[in-house]
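Structure, as structure tokens:
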Amino acid sequence: MASSGTLTSGEYIRHHLTNLTFGPKADGSWGIAHSAEEISEMGFWAVHIDSLFWSFAMGALFLLFFSRIAKRVTAGVPENAQGFVEMVVEFIDDNVRSSFSGKSDIVAPLALTIFCWIFMMNFMDLIPVDLIPLILEKAGVPYQKVVPSTDPNVTFGMSLGVFFLMIYYSIAKKGLGGFSAELTMHPFESKNIVLKILLLPINFFLEAVGLLAKPVSHSLRLFGNMYAGEMIFILISLMFGSSIILSVSGGALQFIWAVFHILVITLQAFIFMVLTVVYMDMAHSHH
Amino acid sequence: MNINVTLFWQMLFFLAFVWFSKKFVWGPMIGALNERKTTIADGLAAADKGQQAEAEGVKQVEQFVAQAKTQASEIVSNAEKQGGDIIDEMREQARAESERILAAAREEIETETNKAKDSLRGQVSALAVAGAQQILKREVDEKAHSDLLDQLAAKL
């Protein structure tokens with residue numbers, strides 16, 4: 001439970017679900033918001049410092065470790081750390097090979113980055129929910145959400161990144177004409193030119209919905225799973241504030257949920273990666 | 001749950017990380033993996049080749065041994081034949097030599113016999129003359145009777 005005993009359960013949960021936000025304040029100056037009202041006043045130009053910091057830190061940690069190994073990689077007998085990195089790389093390579101039929105030198109590193117980075121971000125969920133926020137609160141930081149993948153900005157940022165890569169490679173591989181044809185000539189096809197033109201808006205509507213649904217479902221799947229998992233951790237940790245029996249059973253519950261969550265965080269990272277590879281495959285393949 | 005500019009920062013990080021990962025992680029790692037793959041493949045191919053070469057070598061050695069065996073038996077039989085030939089030749093030579101020696105001995109015997117006969121004849125005729133002289137108690141003219149004596153000697 002949070003430091004001050006004066007918090008109600010609702011306040012505690014809300015506190016845990018609020019990002020550390022930096023943005024333009026009502027008086028025109030820029031600064032860190034100290035209340036939910038201030039955050040909503042900041043609007044679009046606000047930045048979630050905690051999400052960005054942890055997501056960047058996790059990505060940088062992964063890349064530093066992997067690139068350090070890759071720098072002194074040897075084709076001979078690998079040491080243990082290299083063996084681990086090779087295992088991950090080969091796992092990604094196998095998955096990309098099985099679901100990506102085209103030829104591209106960006107899809108595999110993309111998949112590797114997504115899998116490892118999202119896994120690392122999700123892994124922050126296994127750190128006790130109160131630990132880092134409590135330490136930082138003592139240092140005067142009002143809010144802290146340490147799991148970046150529970151921030152829709154983060155998941156949307158990644159899925160939109162994938163989406164733009166997808167559009168880019170669609171156009172690069174099939175040309176603007178091929179890409180537009182894909183959006184307007186399916187799913188209803190006709191040999192008749194008049195019928196073709198008549199079907200064009202219907203096809204475009206259906207395809208556009210399908211296309212735009214991709215980044216939304218892609219990011220919401222990850223966000224929803226991680227947000228729900230985090231919420232359960234928060235609810236469990238509410239039990240620690242009450243009686244001894246509840247605290248003990250809360251500890252047991254937290255352990256069980258954490259063990260289960262190991263599966264969830266890996267699976268969510270894997271699903272995000274596989275969907276990315278599938279989308280990239282769609283972008284590269286001709287109909 | 002506010003959607004704000006965080007999203008674009010995250011997207012920027014994302015693209016930068018993907019670029020970094022491609023350049024500094026994926027490239028070297030997959031390069032090393034492929035290199036090891038080719039090394040292993042080469043090693044296996046070399047082992048295969050070695051095994052093949054060994055089998056071929058064994059076959060070759062067997063061939064050599066068989067060849068050597070036939071050659072050796074050929075040489076032995078040749079030598080045997082040659083030995084027999086030599087023995088035959090020597091035998092022939094020896095026989096010819098012995099015959100020659102025998103013939104020479106016979107001839108010598110004959111000449112010796114003839115010589116002995118001749119000398120005997122001379123001695124007999126001399127004896128006959130001496131006997132006749134004794135009987136006749138007178139000189140027999142050797143000149144006058146030499147024809148007669150020669151005839152006698154020839155008859156002996």
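Residues in the structure tokens are numbered from 1 in each chain, the chains being A, B, ... in the order shown, and ligands are numbered from 1 in the order shown.
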Polymer residues at most 9 Å from B:Ile30, only C-alpha atoms, same-chain spacing of 3 or more positions, as a ChimeraX atom specification: /A:86,89-90,93 /B:25-27,33-35
Would you give me, as JSON lines, each residue of chain A having an atom within 7 Å of an atom of chain B, along with its shortest atom pair and that distance in Å to one decimal, using only C-alpha atoms and sorting by chain and residue number?
```
{"residue": "A:Gly43", "atom": "CA", "partner": "B:Asn4", "partner_atom": "CA", "distance": 7.0}
{"residue": "A:Phe44", "atom": "CA", "partner": "B:Asn4", "partner_atom": "CA", "distance": 4.3}
{"residue": "A:Trp45", "atom": "CA", "partner": "B:Val5", "partner_atom": "CA", "distance": 5.4}
{"residue": "A:Ala46", "atom": "CA", "partner": "B:Asn4", "partner_atom": "CA", "distance": 6.0}
{"residue": "A:Val47", "atom": "CA", "partner": "B:Thr6", "partner_atom": "CA", "distance": 4.9}
{"residue": "A:His48", "atom": "CA", "partner": "B:Thr6", "partner_atom": "CA", "distance": 5.8}
{"residue": "A:Leu52", "atom": "CA", "partner": "B:Gln10", "partner_atom": "CA", "distance": 6.7}
{"residue": "A:Leu63", "atom": "CA", "partner": "B:Ser21", "partner_atom": "CA", "distance": 6.6}
{"residue": "A:Phe66", "atom": "CA", "partner": "B:Val25", "partner_atom": "CA", "distance": 6.0}
{"residue": "A:Ser67", "atom": "CA", "partner": "B:Val25", "partner_atom": "CA", "distance": 4.9}
{"residue": "A:Ala70", "atom": "CA", "partner": "B:Val25", "partner_atom": "CA", "distance": 5.5}
{"residue": "A:Val73", "atom": "CA", "partner": "B:Ala32", "partner_atom": "CA", "distance": 6.7}
{"residue": "A:Thr74", "atom": "CA", "partner": "B:Ala32", "partner_atom": "CA", "distance": 6.1}
{"residue": "A:Ala75", "atom": "CA", "partner": "B:Ala32", "partner_atom": "CA", "distance": 4.8}
{"residue": "A:Gly76", "atom": "CA", "partner": "B:Arg36", "partner_atom": "CA", "distance": 6.7}
{"residue": "A:Ile106", "atom": "CA", "partner": "B:Lys22", "partner_atom": "CA", "distance": 6.8}
{"residue": "A:Pro109", "atom": "CA", "partner": "B:Lys22", "partner_atom": "CA", "distance": 5.0}
{"residue": "A:Leu110", "atom": "CA", "partner": "B:Val18", "partner_atom": "CA", "distance": 5.4}
{"residue": "A:Thr113", "atom": "CA", "partner": "B:Val18", "partner_atom": "CA", "distance": 5.9}
{"residue": "A:Pro152", "atom": "CA", "partner": "B:Met1", "partner_atom": "CA", "distance": 7.0}
{"residue": "A:Asn153", "atom": "CA", "partner": "B:Leu7", "partner_atom": "CA", "distance": 4.4}
{"residue": "A:Val154", "atom": "CA", "partner": "B:Gln10", "partner_atom": "CA", "distance": 5.7}
{"residue": "A:Phe156", "atom": "CA", "partner": "B:Leu7", "partner_atom": "CA", "distance": 6.5}
{"residue": "A:Gly157", "atom": "CA", "partner": "B:Met11", "partner_atom": "CA", "distance": 4.4}
{"residue": "A:Met158", "atom": "CA", "partner": "B:Met11", "partner_atom": "CA", "distance": 5.6}
{"residue": "A:Gly161", "atom": "CA", "partner": "B:Met11", "partner_atom": "CA", "distance": 5.5}
```
Residue subset to file, keeping N, CA and C atoms, as a CSV table (one decimal), in the first residue's frame:
```
chain,number,residue,atom,x,y,z
A,43,GLY,N,-3.5,18.5,-22.2
A,43,GLY,CA,-3.9,18.2,-23.5
A,43,GLY,C,-2.8,17.4,-24.3
A,44,PHE,N,-2.8,17.6,-25.6
A,44,PHE,CA,-2.1,16.8,-26.5
A,44,PHE,C,-0.6,16.9,-26.4
A,45,TRP,N,-0.1,18.1,-26.0
A,45,TRP,CA,1.4,18.3,-26.0
A,45,TRP,C,2.1,17.8,-24.8
A,46,ALA,N,1.3,17.2,-23.9
A,46,ALA,CA,1.9,16.6,-22.7
A,46,ALA,C,2.7,15.3,-23.0
A,47,VAL,N,3.7,15.1,-22.2
A,47,VAL,CA,4.5,13.9,-22.4
A,47,VAL,C,4.5,13.0,-21.2
A,48,HIS,N,4.4,11.7,-21.3
A,48,HIS,CA,4.5,10.8,-20.2
A,48,HIS,C,5.9,10.5,-20.0
A,52,LEU,N,8.0,7.0,-21.2
A,52,LEU,CA,9.1,7.1,-22.2
A,52,LEU,C,10.4,6.7,-21.6
A,63,LEU,N,19.2,-3.5,-26.2
A,63,LEU,CA,20.1,-3.2,-27.4
A,63,LEU,C,21.6,-3.2,-26.9
A,66,PHE,N,22.7,-6.8,-26.3
A,66,PHE,CA,22.8,-7.6,-27.5
A,66,PHE,C,23.9,-7.1,-28.4
A,67,SER,N,24.0,-5.8,-28.5
A,67,SER,CA,25.0,-5.2,-29.4
A,67,SER,C,26.4,-5.5,-28.9
A,70,ALA,N,27.1,-8.9,-29.9
A,70,ALA,CA,27.2,-9.0,-31.3
A,70,ALA,C,28.5,-8.4,-31.8
A,73,VAL,N,31.1,-11.1,-31.4
A,73,VAL,CA,30.6,-12.4,-31.8
A,73,VAL,C,31.6,-13.2,-32.5
A,74,THR,N,31.6,-14.5,-32.3
A,74,THR,CA,32.5,-15.4,-33.0
A,74,THR,C,31.8,-16.5,-33.6
A,75,ALA,N,32.3,-16.9,-34.8
A,75,ALA,CA,31.7,-18.0,-35.5
A,75,ALA,C,32.2,-19.3,-34.9
A,76,GLY,N,33.2,-19.2,-34.0
A,76,GLY,CA,33.7,-20.5,-33.4
A,76,GLY,C,32.8,-20.9,-32.3
A,106,ILE,N,14.8,-6.2,-43.2
A,106,ILE,CA,14.4,-5.4,-42.1
A,106,ILE,C,13.4,-6.1,-41.2
A,109,PRO,N,15.2,-8.1,-38.0
A,109,PRO,CA,15.6,-7.3,-36.9
A,109,PRO,C,14.4,-6.5,-36.2
A,110,LEU,N,13.4,-6.2,-37.1
A,110,LEU,CA,12.2,-5.6,-36.5
A,110,LEU,C,11.5,-6.5,-35.5
A,113,THR,N,13.6,-6.8,-32.3
A,113,THR,CA,13.5,-5.6,-31.5
A,113,THR,C,12.1,-5.6,-30.8
A,152,PRO,N,-1.3,3.3,-23.4
A,152,PRO,CA,-1.7,3.2,-24.8
A,152,PRO,C,-0.9,4.0,-25.7
A,153,ASN,N,-0.3,5.1,-25.2
A,153,ASN,CA,0.6,5.9,-26.1
A,153,ASN,C,1.8,5.0,-26.6
A,154,VAL,N,2.3,4.2,-25.7
A,154,VAL,CA,3.5,3.4,-26.0
A,154,VAL,C,3.1,2.3,-27.0
A,156,PHE,N,0.4,2.2,-28.9
A,156,PHE,CA,0.0,2.8,-30.2
A,156,PHE,C,1.2,3.3,-31.0
A,157,GLY,N,2.2,3.8,-30.3
A,157,GLY,CA,3.4,4.3,-30.9
A,157,GLY,C,4.1,3.2,-31.7
A,158,MET,N,4.1,2.0,-31.1
A,158,MET,CA,4.8,0.9,-31.7
A,158,MET,C,3.9,0.4,-32.9
A,161,GLY,N,4.2,2.6,-35.7
A,161,GLY,CA,5.5,2.5,-36.4
A,161,GLY,C,5.4,1.3,-37.3
```
Computed interatomic separation between atom CA of A:Val96 and atom CA of A:Phe115 (Å):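 Spanning atom CA of A:Val96 to atom CA of A:Phe115 is a straight-line distance of 11.7 Å.
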Interatomic distance (Å, one decimal) between atom CA of A:Ser9 and atom CA of A:Met226: 20.7 Å
Might you pull out every residue within 7 Å of stretch 258-272 of chain A, with only C-alpha atoms counted and same-chain residues fewer than 2 positions away left off, and present them as a short mmCIF file (atom, residue, chain, number, x, y, z; two decimals) with N, CA, C and O atoms, in the first residue's frame?
```
data_model
loop_
_atom_site.label_atom_id
_atom_site.label_comp_id
_atom_site.auth_asym_id
_atom_site.auth_seq_id
_atom_site.Cartn_x
_atom_site.Cartn_y
_atom_site.Cartn_z
N PHE A 115 10.06 -8.14 -30.11
CA PHE A 115 9.91 -9.22 -29.12
C PHE A 115 10.67 -8.89 -27.84
O PHE A 115 10.12 -8.93 -26.75
N ILE A 118 9.40 -5.47 -26.06
CA ILE A 118 8.09 -5.60 -25.39
C ILE A 118 8.20 -6.56 -24.21
O ILE A 118 7.61 -6.33 -23.16
N PHE A 119 9.02 -7.61 -24.39
CA PHE A 119 9.20 -8.52 -23.25
C PHE A 119 9.78 -7.77 -22.06
O PHE A 119 9.33 -7.92 -20.93
N ASN A 122 7.19 -5.45 -20.59
CA ASN A 122 6.19 -6.22 -19.85
C ASN A 122 6.78 -6.75 -18.55
O ASN A 122 6.09 -6.91 -17.56
N PHE A 123 8.10 -7.04 -18.61
CA PHE A 123 8.74 -7.64 -17.45
C PHE A 123 8.68 -6.70 -16.24
O PHE A 123 8.69 -7.15 -15.10
N LEU A 126 6.48 -7.42 -13.35
CA LEU A 126 6.76 -8.41 -12.31
C LEU A 126 7.47 -7.78 -11.10
O LEU A 126 7.61 -8.42 -10.08
N HIS A 218 -3.80 -4.29 -32.99
CA HIS A 218 -2.42 -4.67 -32.67
C HIS A 218 -2.00 -4.07 -31.33
O HIS A 218 -1.48 -4.77 -30.46
N LEU A 222 -2.14 -5.71 -26.82
CA LEU A 222 -1.03 -5.64 -25.86
C LEU A 222 -1.42 -4.76 -24.68
O LEU A 222 -1.26 -5.16 -23.51
N GLN A 254 -0.35 -12.82 -5.03
CA GLN A 254 0.58 -12.06 -5.85
C GLN A 254 1.60 -13.00 -6.50
O GLN A 254 1.93 -12.87 -7.67
N PHE A 255 2.07 -13.96 -5.70
CA PHE A 255 3.04 -14.93 -6.23
C PHE A 255 2.41 -15.72 -7.38
O PHE A 255 3.00 -15.86 -8.46
N ILE A 256 1.21 -16.23 -7.15
CA ILE A 256 0.54 -17.05 -8.17
C ILE A 256 0.33 -16.23 -9.45
O ILE A 256 0.61 -16.68 -10.56
N VAL A 274 4.62 -11.71 -33.81
CA VAL A 274 4.08 -12.54 -34.91
C VAL A 274 3.15 -11.71 -35.78
O VAL A 274 3.21 -11.78 -37.02
N LEU A 275 2.30 -10.88 -35.14
CA LEU A 275 1.38 -10.04 -35.92
C LEU A 275 2.16 -9.06 -36.79
O LEU A 275 1.82 -8.83 -37.95
N THR A 276 3.23 -8.51 -36.23
CA THR A 276 4.07 -7.60 -37.01
C THR A 276 4.61 -8.31 -38.25
O THR A 276 4.55 -7.78 -39.36
#
```
Distance query A:Leu160 at most 9 Å, only C-alpha atoms, self and fewer than 5 positions along chain excluded, as a PyMOL selection string: (chain A and resi 155+165+215-216+219) or (chain B and resi 7+11)
Distance criterion (only C-alpha atoms): nearest to B:Leu120 out of B:Ala154, B:Val58, B:Ile87, B:Leu102: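 Using only C-alpha atoms, B:Leu120 sits closest to B:Ala154.
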Which of stretch 50-275 of chain A fall in alpha helix (DSSP H), as number ranges by chain: A: 50-71, 80-99, 107-123, 131-138, 152-184, 193-238, 244-275
All residues 10 Å or closer to A:Phe204, only C-alpha atoms, same chain fewer than 3 positions away omitted, as number ranges by chain: A: 180-187, 199-201, 207-210
Atoms to include: all heavy atoms. Write the selected residues as a compact mmCIF listing (two decimals), in the first residue's frame.
```txt
# COMPACT_ATOMS: atom_id res chain seq x y z
N SER A 180 -2.99 0.84 -54.28
CA SER A 180 -4.37 1.35 -54.38
C SER A 180 -5.28 0.28 -54.94
O SER A 180 -6.43 0.18 -54.52
CB SER A 180 -4.45 2.60 -55.26
OG SER A 180 -3.21 3.14 -55.50
N ALA A 181 -4.77 -0.51 -55.89
CA ALA A 181 -5.60 -1.58 -56.46
C ALA A 181 -5.98 -2.57 -55.36
O ALA A 181 -7.10 -3.04 -55.31
CB ALA A 181 -4.83 -2.28 -57.56
N GLU A 182 -5.02 -2.82 -54.48
CA GLU A 182 -5.28 -3.75 -53.38
C GLU A 182 -6.40 -3.22 -52.49
O GLU A 182 -7.19 -3.97 -51.94
CB GLU A 182 -3.99 -3.91 -52.57
CG GLU A 182 -3.89 -5.24 -51.86
CD GLU A 182 -2.50 -5.46 -51.35
OE1 GLU A 182 -2.11 -4.75 -50.41
OE2 GLU A 182 -1.79 -6.32 -51.89
N LEU A 183 -6.42 -1.89 -52.34
CA LEU A 183 -7.42 -1.27 -51.46
C LEU A 183 -8.78 -1.14 -52.13
O LEU A 183 -9.79 -0.98 -51.45
CB LEU A 183 -6.94 0.11 -51.03
CG LEU A 183 -5.86 0.16 -49.96
CD1 LEU A 183 -5.47 1.59 -49.69
CD2 LEU A 183 -6.32 -0.52 -48.68
N THR A 184 -8.82 -1.17 -53.49
CA THR A 184 -10.09 -0.85 -54.17
C THR A 184 -10.64 -2.00 -55.01
O THR A 184 -11.81 -1.96 -55.37
CB THR A 184 -9.91 0.37 -55.08
OG1 THR A 184 -8.75 0.15 -55.90
CG2 THR A 184 -9.70 1.63 -54.27
N MET A 185 -9.85 -2.99 -55.34
CA MET A 185 -10.33 -4.06 -56.24
C MET A 185 -10.76 -5.31 -55.47
O MET A 185 -11.12 -6.32 -56.06
CB MET A 185 -9.23 -4.44 -57.24
CG MET A 185 -8.78 -3.29 -58.11
SD MET A 185 -10.11 -2.60 -59.07
CE MET A 185 -9.37 -1.10 -59.66
N HIS A 186 -10.65 -5.30 -54.19
CA HIS A 186 -11.06 -6.44 -53.36
C HIS A 186 -12.02 -5.93 -52.30
O HIS A 186 -11.98 -4.75 -51.96
CB HIS A 186 -9.84 -7.07 -52.69
CG HIS A 186 -8.83 -7.56 -53.66
ND1 HIS A 186 -8.89 -8.78 -54.29
CD2 HIS A 186 -7.70 -6.97 -54.13
CE1 HIS A 186 -7.85 -8.92 -55.09
NE2 HIS A 186 -7.11 -7.84 -55.02
N PRO A 187 -12.81 -6.75 -51.67
CA PRO A 187 -12.99 -8.18 -51.94
C PRO A 187 -13.95 -8.45 -53.10
O PRO A 187 -14.00 -9.57 -53.59
CB PRO A 187 -13.60 -8.69 -50.63
CG PRO A 187 -14.26 -7.51 -50.02
CD PRO A 187 -13.56 -6.29 -50.51
N LEU A 199 -18.21 -0.77 -57.73
CA LEU A 199 -17.80 -1.51 -56.54
C LEU A 199 -16.65 -0.84 -55.80
O LEU A 199 -16.37 -1.15 -54.65
CB LEU A 199 -17.38 -2.93 -56.94
CG LEU A 199 -18.51 -3.89 -57.29
CD1 LEU A 199 -17.95 -5.18 -57.85
CD2 LEU A 199 -19.40 -4.16 -56.09
N LEU A 200 -16.00 0.09 -56.49
CA LEU A 200 -14.79 0.71 -55.95
C LEU A 200 -14.98 1.32 -54.55
O LEU A 200 -14.22 1.01 -53.64
CB LEU A 200 -14.28 1.75 -56.95
CG LEU A 200 -12.85 2.25 -56.77
CD1 LEU A 200 -12.22 2.43 -58.14
CD2 LEU A 200 -12.78 3.55 -55.99
N PRO A 201 -16.01 2.17 -54.36
CA PRO A 201 -16.15 2.76 -53.01
C PRO A 201 -16.45 1.73 -51.93
O PRO A 201 -15.96 1.86 -50.81
CB PRO A 201 -17.31 3.75 -53.17
CG PRO A 201 -17.96 3.43 -54.45
CD PRO A 201 -16.98 2.72 -55.31
N GLU A 207 -11.86 -2.31 -47.22
CA GLU A 207 -10.41 -2.50 -47.09
C GLU A 207 -9.80 -1.47 -46.14
O GLU A 207 -8.89 -1.78 -45.38
CB GLU A 207 -9.73 -2.41 -48.46
CG GLU A 207 -9.94 -3.65 -49.31
CD GLU A 207 -9.20 -4.86 -48.77
OE1 GLU A 207 -8.09 -4.71 -48.25
OE2 GLU A 207 -9.75 -5.98 -48.88
N ALA A 208 -10.33 -0.24 -46.21
CA ALA A 208 -9.79 0.82 -45.34
C ALA A 208 -10.07 0.49 -43.88
O ALA A 208 -9.20 0.66 -43.02
CB ALA A 208 -10.40 2.16 -45.71
N VAL A 209 -11.27 -0.02 -43.61
CA VAL A 209 -11.60 -0.41 -42.24
C VAL A 209 -10.65 -1.51 -41.78
O VAL A 209 -10.08 -1.46 -40.69
CB VAL A 209 -13.08 -0.87 -42.14
CG1 VAL A 209 -13.33 -1.54 -40.80
CG2 VAL A 209 -14.00 0.31 -42.33
N GLY A 210 -10.47 -2.49 -42.68
CA GLY A 210 -9.57 -3.60 -42.35
C GLY A 210 -8.16 -3.11 -42.09
O GLY A 210 -7.50 -3.54 -41.14
```
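As for atom CA of B:Gly50 and atom CA of A:Pro78, they are spaced 26.9 Å apart.
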